[in-house]
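Heads up: the structure comes next, in structure tokens.
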Amino acid sequence: MNWQALANPTRFKRLSDRLLPWFAGGAALCLVVGLYLGLVASPPDYQQGDSVRIMYVHVPAAWMAMFVYANLAIAAAASLVWRHPLADVAGRAMAPIGAAFTFLCLATGSLWGKPMWGTWWVWDARLTSVLILLFVYIAYMALNSAFDDDTRGARSSAILALVGAINLPIIKFSVDWWNTLHQPASVSRLDGPSIHASMLTPLLLMAVGFTLLFLALALVRMRAGLIERRLAALSYSRSAEAGVASFR
Amino acid sequence: MNAAFALLRRDLSLALRNVGETLTVLAFFVIAATLFPFGIGPEPQILARVATGIVWVVALLASLLPLERLFQAEADEGGLDQLLLAPAPLEALALAKCAALWIGSAVPLIAVSPIVAAMLQLPSEAFGTLLASLLLGTPSLALLGGIGAALAVGARKGSALLALIVLPLAIPVLIFAVAAVEAQIAGLSVRPHLFLLAGFAVFWLTVAPFAMAAALRQAAS
Amino acid sequence: MAEFFAMGGYADFVWPAYGLTAAVLTSLVVASVRRLKTLERDLAAADGDEQNP
């Protein structure tokens with residue numbers, strides 16, 4: 001696929017018109033089947049009972065939190081290298097979706113942790129890393145919207161997204177190490193314990209459904225972002241015209 | 001390169017003339033640390049257990065204070081363009097700013113940290129390691145702060161935004177700095193932790209100049 | 001059916017997890033689509049102004 005062709009707003013609109021129904025429909029289908037298999041057709045875990053069903057939203061949400069950040073970093077690199085508005089719009093469109101999945105991963109992890117650990121929150125290595133990822137998302141969104149000039153916010157937050165991308169592995173490593181240092185005795189991890197095929201299918205379906213939902217949402221939000229830019233340009237040129245007219 | 005040293009010298013002499021700012025950071029460091037005995041009680045054992053964490057967390061927060069002015073002062077006076085036009089790579093100039101920041105605010109903070117640590121009942125055998133961890137860890141904080149400050153030049157919500165940007169990225173430094181001191185107290189080897197802190201400093205020393213320069217370039221354009 | 005909703009005694013945790021996920025994702029979808037619709041209308045209006053001022 002030709003990136004330059006994609007970068008043209010009209011072409012992008014045409015492409016997204018064609019893709020959006022597939023993404024949205026596929027997401028709905030995967031999520032409905034995944035929910036049915038996850039909530040009804042899959043067996044309860046022999047140790048965790050029915051609480052294991054939280055896994056079908058928690059683990060895909062955790063995957064999405066990282067997957068969306070990877071996309072965000074790619075958009076950031078594209079925005080800094082090619083300086084193309086579409087990459088700027090993509091970053092701004094994707095960040096809230098990633099933050100939402102990250103938040104859901106934490107919230108469902110807490111809801112799963114309560115019956116498993118007996119408390120709402122444990123400084124478990126995985127949850128702690130996801131929490132810090134949420135902070136990075138928040139910083140990205142705050143920086144993105146902190147400037148009067150949208151392009152400026154997009155470029156500044158793109159640099160932050162890349163700095164975050166190279167730092168996140170270090171954070172992950174540090175938090176894992178810190179966690180083993182302070183590991184409280186006998187903490188069961190939030191994991192699919194000995195994943196069986198009847199559990200793996202709904203898990204993967206939910207993950208694919210979330211991915212398609214992310215793509216559909218990103219397209220919708222990017223379309224909105226492009227229109228917003230066009231409107232801003234229109235009102236700018238209009239006010240410039242008005243300025244010239246009143247000057248005459 | 002000479003331009004970078006000239007900038008470093010100018011910023012340092014500015015810092016020397018403007019002692020008030022340094023004193024403000026130091027006062028914040030001491031006062032904020034003093035809040036903890038009120039918050040968690042003055043029992044020596046409890047304080048000794050958390051002293052390292054308090055010193056480091058408060059040092060981290062104090063290091064945020066001078067950031068808002070780091071590049072903003074230049075941007076307001078139109079000096080950002082001068083930085084870009086200076087006969088030295090922007091990367092080197094940004095690094096000089098960070099060096100001035102570190103000498104002007106982190107070094108005084110490290111100098112008073114033993115007093116704060118003593119008031120918090122940190123065991124005396126751990127003082128050396130605390131100082132070493134601060135010496136090796138604060139350069140990373142200054143460089144990270146430089147990135148945050150460069151990114152936020154001209155932003156609407158300055159100081160809170162800076163905290164949001166810098167604090168999550170500083171967590172690895174905090175983890176291993178505190179771990180070094182705790183290893184010393186536990187009688188374990190502190191060298192792996194200190195090496196890692198030095199490694200972080202080298203890592204940010206290579207990454208930060210480029211990130212800062214990129215941020216400043218697009219801030220000026 | 002009641003057994004299904006009881007979730008083996010974990011209803012208090014399983015259903016809020018799914019409910020919260022549904023609520024957050026649905027509101028994200030609704031907000032995004034609604035914003036797109038509003039902006040498309042604004043753009044159509046602005047383009048209309050452009051053609052016959």
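Here, A, B, ... name the chains of the structure tokens in the order displayed, residue numbers run from 1 inside each chain, and ligands are numbered from 1 in the same displayed order.
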Exercise for review: Extract, using only C-alpha atoms, all DNA, RNA and protein residues at most 10 Å from Gly9 (chain C), discarding same-chain residues fewer than 6 positions from it, and format them as number ranges by chain.
Suggested key: A: 49-51; C: 3
Exercise for review: Find the residues near region 199-212 of chain B: any atom within 8 Å, counting only C-alpha atoms, skip ones fewer than 6 places away on the same chain, and give them as a ChimeraX atom specification.
Suggested key: /A:159,163 /B:91-92,94-95,136-137,139-140,143-144,146-147,150-151,173
Could you build a table of the residues in chain C lying no more than 8 Å from chain A, giving for each the nearest pair of atoms and their separation in Å rounded to one decimal place, using only C-alpha atoms, ordered by chain and ascending residue number, as a Markdown table?
| residue | atom | partner | partner_atom | distance |
| --- | --- | --- | --- | --- |
| C:Phe4 | CA | A:Val40 | CA | 7.6 |
| C:Met7 | CA | A:Asp50 | CA | 5.5 |
| C:Gly8 | CA | A:Asp50 | CA | 5.6 |
| C:Gly9 | CA | A:Asp50 | CA | 7.8 |
| C:Tyr10 | CA | A:Ser51 | CA | 5.6 |
| C:Phe13 | CA | A:Leu111 | CA | 5.3 |
| C:Val14 | CA | A:Ile54 | CA | 5.7 |
| C:Pro16 | CA | A:Leu111 | CA | 7.7 |
| C:Ala17 | CA | A:Thr108 | CA | 5.1 |
| C:Tyr18 | CA | A:Val57 | CA | 7.1 |
| C:Leu20 | CA | A:Leu104 | CA | 7.6 |
| C:Thr21 | CA | A:Leu104 | CA | 6.2 |
| C:Val24 | CA | A:Ala100 | CA | 7.1 |
| C:Leu25 | CA | A:Ala100 | CA | 7.6 |
| C:Leu28 | CA | A:Ile97 | CA | 7.6 |
| C:Val29 | CA | A:Leu217 | CA | 6.6 |
| C:Ser32 | CA | A:Arg221 | CA | 5.9 |
| C:Val33 | CA | A:Val220 | CA | 6.6 |
| C:Arg35 | CA | A:Ala224 | CA | 6.8 |
| C:Leu36 | CA | A:Ala224 | CA | 4.7 |
| C:Leu39 | CA | A:Ile227 | CA | 6.5 |
| C:Glu40 | CA | A:Ile227 | CA | 7.0 |
| C:Asp42 | CA | A:Leu231 | CA | 7.9 |
| C:Leu43 | CA | A:Leu231 | CA | 6.4 |
| C:Ala46 | CA | A:Leu231 | CA | 7.6 |
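Nearest to Ile31 (chain B) of all the residues B:Leu65, B:Val50, B:Val58, B:Val107 is B:Val58, based on only C-alpha atoms.
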Exercise for review: Write out as a PyMOL selection string each polymer residue whose atoms come within 8 Å of Ala87 (chain A), counting only C-alpha atoms; drop sequence neighbours fewer than 4 positions from it.
Suggested key: chain A and resi 75-76+78-79+83+91
Check your understanding: Counting only C-alpha atoms, which residues from chain B have an atom at most 12 Å from any atom of chain A, and could you show them as a count of residues only?
Key -> 60
Point to revise | alpha helix (DSSP H) residues, from DSSP on the backbone, in chain A, as a count of residues only | key: 196
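The spacing separating CA of Ala100 (chain B) from CA of Ser63 (chain B) amounts to 12.9 Å.
The gap separating CA of Leu200 (chain A) from CA of Leu37 (chain A) is 10.0 Å, in Å to one decimal.
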Practice item. Would you work out the distance separating CA of Ile74 (chain A) from CA of Ala165 (chain A), expressed in Å to one decimal? Key: 9.7 Å
